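Undergrad: Here it is, the structure in full.
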Amino acid sequence: MGRTGLCNCFIASFRTPISICRRKKPLIPWRKLNLMATSMDPSGTKTYQQNVLVMRHGDRLDNFDQEWEKTADRPWDPPLIQNGLNRAFGTGREFRTRLPFPIHRVFVSPFLRCIQTASEVVAALCSVDDDPNAKSSNDVIAIDPSRVKVSIEYGLCEMLNKTAIRIDVAPKDGIFRFDVPQLEALLPSGTVDPTVEPVYKELPQWEETVWDARSRYERIIKALADKYPSQNLLLVTHGEGVGVSVSAFKEDTDVIEVDYCAYSELTRQVSLKNESFSAGNFEVLTESGQTGVTYIAE
């Protein structure tokens, strides 16, 4: 499935063959803020199951209003439409009610559509009163910001090339500028963790190749998981990043489509002793079509 300019899906199907190991994940109560040890051997080594969700942003405005970009100051950085905000909030509620484990940290691409998506998801996760009739963060009366912490991560950004962003809407100088404090102010109050140092201190260079972008997505997933091995993570990114989260960790897999707010679910076993840890390979738990990600596994 090809992509031209700004579009509704990621680019052509792809695969990254690797070796994976399969393990079951434990049931972990929502209220527990650190991973529960699934076992501990006589040496004091504790074994945990770490879970990582990789999610695409919601419905972007420019795919529904073709006139918007003509007058936009940042035509390469569209916001969500209302249905996109609602879809993101609903996915957050799904995480809260369906997942057998808590999400401790959220990392998000600096693009506005991802910031807005993360804001809605975090509002749903942190809502004090879980109202099943709530449609968006506007319906949330109060949140508990201690439940989830959020950070902006450049490594999760959109592919910075003409495959993902049309040359006529990209910045003329090739520099994509983000006001991080302004973006953080869009996230639910009290949820931003100011102590977190990003893995990628700068954005990729404009015209990175598709393969470089895919390698970046795989690296940032591993890097963030390794940085917080005792916590479950949600990474809010772009369609290509979600595709990589499946193809890079599931052997002989072609990813065909990634819907708005689609997500993959990865898990791995982590062993911690004192200040060091070791981790197994990630296993992809998501079945094709189950959470908006469609793929073919041979």
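Labels for the structure tokens follow display order: chains A, B, ..., residues from 1 in each chain, ligands from 1.
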Residues of range 171-258 of chain A within 12 Å of range 75-78 of chain A: nearest atom pair and distance (Å, one decimal) for each, counting only C-alpha atoms, sorted by chain and number, as a tab-separated table?
TA:
residue	atom	partner	partner_atom	distance
A:Pro171	CA	A:Trp76	CA	7.8
A:Lys172	CA	A:Trp76	CA	11.2
A:Gly174	CA	A:Trp76	CA	11.3
A:Ile175	CA	A:Trp76	CA	11.4
A:Phe176	CA	A:Trp76	CA	9.0
A:Arg177	CA	A:Asp77	CA	10.2
A:Phe178	CA	A:Asp77	CA	10.0
Undergrad: DSSP on the backbone, then: every residue of range 33-259 of chain A marked helix (DSSP H, G or I), written as a PyMOL selection string.
TA: chain A and resi 61-63+68-71+82-98+112-126+137-139+154-156+180-184+210-227+239-247
Undergrad: Skipping near chain neighbours, those fewer than 6 positions away, what residues fall within 10 Å of Ser288 in chain A using only C-alpha atoms, listed as a ChimeraX atom specification?
TA: /A:246,255-257,264,294-297
Undergrad: With a distance cut-off of 7 Å and only C-alpha atoms, select the neighbouring residues of range 197-208 of chain A, excluding the residue or stretch itself and same-chain residues fewer than 4 positions from it, and output the selection as a list in words.
TA: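 Counting only the stated atoms, we get Glu153, Tyr154, Gly155, Leu160, Asn161, Lys162, Gly174, Asp212 and Ala213 of chain A.
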Undergrad: Now that the selection is made, can you save its residues with C-alpha atoms as an mmCIF file, in the first residue's frame?
TA:
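Dumped to part24.cif:
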data_model
loop_
_atom_site.group_PDB
_atom_site.id
_atom_site.type_symbol
_atom_site.label_atom_id
_atom_site.label_comp_id
_atom_site.auth_asym_id
_atom_site.auth_seq_id
_atom_site.Cartn_x
_atom_site.Cartn_y
_atom_site.Cartn_z
ATOM 1 C CA GLU A 153 10.573 12.056 22.859
ATOM 2 C CA TYR A 154 12.011 13.206 19.517
ATOM 3 C CA GLY A 155 12.912 9.633 18.580
ATOM 4 C CA LEU A 160 11.203 13.328 8.153
ATOM 5 C CA ASN A 161 11.197 12.749 4.406
ATOM 6 C CA LYS A 162 9.070 13.336 1.322
ATOM 7 C CA GLY A 174 14.090 21.741 6.293
ATOM 8 C CA ASP A 212 16.851 5.004 8.630
ATOM 9 C CA ALA A 213 13.461 5.967 10.065
#
Undergrad: For range 67-73 of chain A, find every residue with an atom within 12 Å (counting only C-alpha atoms), except residues of its own chain fewer than 2 positions away, and show them as an mmCIF file with N, CA and C atoms, in the first residue's frame.
TA:
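Output (result_15.cif):
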data_model
loop_
_atom_site.group_PDB
_atom_site.id
_atom_site.type_symbol
_atom_site.label_atom_id
_atom_site.label_comp_id
_atom_site.auth_asym_id
_atom_site.auth_seq_id
_atom_site.Cartn_x
_atom_site.Cartn_y
_atom_site.Cartn_z
ATOM 1 N N LEU A 6 0.781 13.576 2.374
ATOM 2 C CA LEU A 6 0.175 13.374 3.680
ATOM 3 C C LEU A 6 -0.998 12.433 3.504
ATOM 4 N N ARG A 60 -6.339 12.818 11.799
ATOM 5 C CA ARG A 60 -5.701 14.108 11.562
ATOM 6 C C ARG A 60 -6.546 14.976 10.631
ATOM 7 N N LEU A 61 -6.564 16.273 10.915
ATOM 8 C CA LEU A 61 -7.460 17.208 10.235
ATOM 9 C C LEU A 61 -7.244 17.276 8.738
ATOM 10 N N ASP A 62 -5.987 17.280 8.282
ATOM 11 C CA ASP A 62 -5.725 17.501 6.865
ATOM 12 C C ASP A 62 -6.240 16.393 5.965
ATOM 13 N N ASN A 63 -6.537 15.242 6.525
ATOM 14 C CA ASN A 63 -7.113 14.164 5.727
ATOM 15 C C ASN A 63 -8.624 14.281 5.596
ATOM 16 N N PHE A 64 -9.216 15.265 6.285
ATOM 17 C CA PHE A 64 -10.657 15.459 6.232
ATOM 18 C C PHE A 64 -11.030 16.853 5.721
ATOM 19 N N ASP A 65 -10.116 17.784 5.783
ATOM 20 C CA ASP A 65 -10.338 19.141 5.306
ATOM 21 C C ASP A 65 -9.168 19.529 4.397
ATOM 22 N N PRO A 75 1.568 23.718 8.053
ATOM 23 C CA PRO A 75 0.761 22.742 7.316
ATOM 24 C C PRO A 75 1.274 21.314 7.420
ATOM 25 N N TRP A 76 2.496 21.140 7.901
ATOM 26 C CA TRP A 76 3.071 19.802 8.082
ATOM 27 C C TRP A 76 2.739 19.218 9.466
ATOM 28 N N ASP A 77 2.034 19.984 10.297
ATOM 29 C CA ASP A 77 1.781 19.559 11.684
ATOM 30 C C ASP A 77 0.299 19.703 12.036
ATOM 31 N N PRO A 78 -0.576 18.931 11.390
ATOM 32 C CA PRO A 78 -2.017 19.098 11.599
ATOM 33 C C PRO A 78 -2.476 18.615 12.975
ATOM 34 N N PRO A 79 -3.548 19.228 13.491
ATOM 35 C CA PRO A 79 -4.156 18.746 14.734
ATOM 36 C C PRO A 79 -5.114 17.595 14.443
ATOM 37 N N LEU A 80 -5.771 17.106 15.485
ATOM 38 C CA LEU A 80 -6.796 16.079 15.329
ATOM 39 C C LEU A 80 -8.158 16.729 15.078
ATOM 40 N N ILE A 81 -9.034 16.014 14.408
ATOM 41 C CA ILE A 81 -10.433 16.405 14.365
ATOM 42 C C ILE A 81 -11.095 15.898 15.645
ATOM 43 N N ARG A 166 4.831 15.974 2.349
ATOM 44 C CA ARG A 166 5.014 16.557 1.025
ATOM 45 C C ARG A 166 5.989 17.721 1.068
ATOM 46 N N ASP A 168 5.919 20.409 -0.546
ATOM 47 C CA ASP A 168 5.290 21.724 -0.615
ATOM 48 C C ASP A 168 4.727 22.194 0.717
ATOM 49 N N VAL A 169 4.606 21.291 1.699
ATOM 50 C CA VAL A 169 4.139 21.699 3.027
ATOM 51 C C VAL A 169 5.254 21.638 4.072
ATOM 52 N N ALA A 170 6.358 21.008 3.751
ATOM 53 C CA ALA A 170 7.486 20.932 4.690
ATOM 54 C C ALA A 170 8.117 22.315 4.864
ATOM 55 N N PRO A 171 8.770 22.574 5.997
ATOM 56 C CA PRO A 171 9.471 23.858 6.174
ATOM 57 C C PRO A 171 10.479 24.078 5.052
ATOM 58 N N ARG A 177 10.422 22.900 13.736
ATOM 59 C CA ARG A 177 10.575 23.552 15.037
ATOM 60 C C ARG A 177 9.402 23.202 15.962
#
Undergrad: So, with only C-alpha atoms as the atoms that count, which of A:Phe101, A:Lys135, A:Thr191, A:Glu94 lies closest to Val122 in chain A?
TA: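 Between A:Phe101, A:Lys135, A:Thr191, A:Glu94, the residue approaching Val122 in chain A most closely is A:Thr191.
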Undergrad: Compile the contact shell of Ser43 in chain A as a list of chain:residue names: residues with an atom at most 12 Å away, counting only C-alpha atoms, same-chain residues fewer than 6 positions apart removed.
TA: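 Everything that qualifies: A:Ser271, A:Leu272, A:Lys273, A:Asn274.
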Undergrad: Keeping N, CA, C and O atoms, export the residues of the selection given above as an mmCIF file, in the first residue's frame.
TA:
data_model
loop_
_atom_site.group_PDB
_atom_site.id
_atom_site.type_symbol
_atom_site.label_atom_id
_atom_site.label_comp_id
_atom_site.auth_asym_id
_atom_site.auth_seq_id
_atom_site.Cartn_x
_atom_site.Cartn_y
_atom_site.Cartn_z
ATOM 1 N N SER A 271 14.906 -9.436 34.177
ATOM 2 C CA SER A 271 15.471 -9.883 35.452
ATOM 3 C C SER A 271 16.313 -8.763 36.037
ATOM 4 O O SER A 271 17.190 -8.220 35.354
ATOM 5 N N LEU A 272 16.022 -8.392 37.289
ATOM 6 C CA LEU A 272 16.752 -7.313 37.939
ATOM 7 C C LEU A 272 17.418 -7.810 39.207
ATOM 8 O O LEU A 272 16.818 -8.556 39.992
ATOM 9 N N LYS A 273 18.662 -7.383 39.396
ATOM 10 C CA LYS A 273 19.396 -7.680 40.619
ATOM 11 C C LYS A 273 20.268 -6.480 40.936
ATOM 12 O O LYS A 273 21.084 -6.064 40.115
ATOM 13 N N ASN A 274 20.086 -5.946 42.110
ATOM 14 C CA ASN A 274 20.789 -4.741 42.525
ATOM 15 C C ASN A 274 20.517 -3.626 41.519
ATOM 16 O O ASN A 274 19.398 -3.249 41.275
#
Undergrad: For Pro100 in chain A, which of A:Glu275, A:Lys222, A:Asn51, A:Gly280 is the closest residue, counting only C-alpha atoms?
TA: A:Asn51
Undergrad: Just the residues within 12 Å of Gly190 in chain A, please, counting only C-alpha atoms, with nothing from its chain fewer than 4 positions along; format it as a CSV table (one decimal) with C-alpha atoms, in the first residue's frame.
TA:
chain,number,residue,atom,x,y,z
A,119,SER,CA,-3.4,14.0,26.2
A,122,VAL,CA,-3.6,10.1,29.7
A,123,ALA,CA,-6.8,11.9,30.8
A,126,CYS,CA,-5.9,9.3,35.2
A,142,ALA,CA,-10.8,15.4,37.9
A,143,ILE,CA,-7.6,13.4,37.3
A,144,ASP,CA,-5.0,11.8,39.6
A,145,PRO,CA,-1.7,12.8,37.9
A,146,SER,CA,0.3,10.4,40.0
A,147,ARG,CA,-0.9,7.5,38.0
A,148,VAL,CA,1.0,8.2,34.8
A,149,LYS,CA,3.9,10.3,33.8
A,150,VAL,CA,4.4,11.8,30.4
A,151,SER,CA,7.5,12.9,28.4
A,184,GLU,CA,3.8,20.1,27.5
A,185,ALA,CA,1.2,22.6,28.5
A,186,LEU,CA,-1.3,20.7,26.3
A,194,PRO,CA,10.4,17.3,34.2
Undergrad: Choose the residue, out of A:Met55, A:Leu156, A:Val108, A:Ala225, that has the smallest atom-to-atom separation from Ser278 in chain A; count only C-alpha atoms.
TA: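 Ranking A:Met55, A:Leu156, A:Val108, A:Ala225 by distance to Ser278 in chain A, first place goes to A:Ala225.
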Undergrad: For Glu298 in chain A, which residue among A:Ala262, A:Asp252, A:Tyr217, A:Pro102 is the nearest when counting only C-alpha atoms?
TA: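 Answer, going by the shortest atom-to-atom distance: A:Asp252.
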Undergrad: Name the residues of range 15-204 of chain A that come out as strand (DSSP E or B) in a backbone DSSP run; write them as a list in words.
TA: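 Answer for range 15-204 of chain A, restricted to strand (DSSP E or B): Ser39, Met40, Lys46, Thr47, Tyr48, Gln49, Gln50, Asn51, Val52, Leu53, Val54, Met55, Arg56, Arg60, Leu80, Arg105, Val106, Phe107, Val108, Ser127, Ile143, Lys149, Val150, Ser151, Ile152 and Val192 of chain A.
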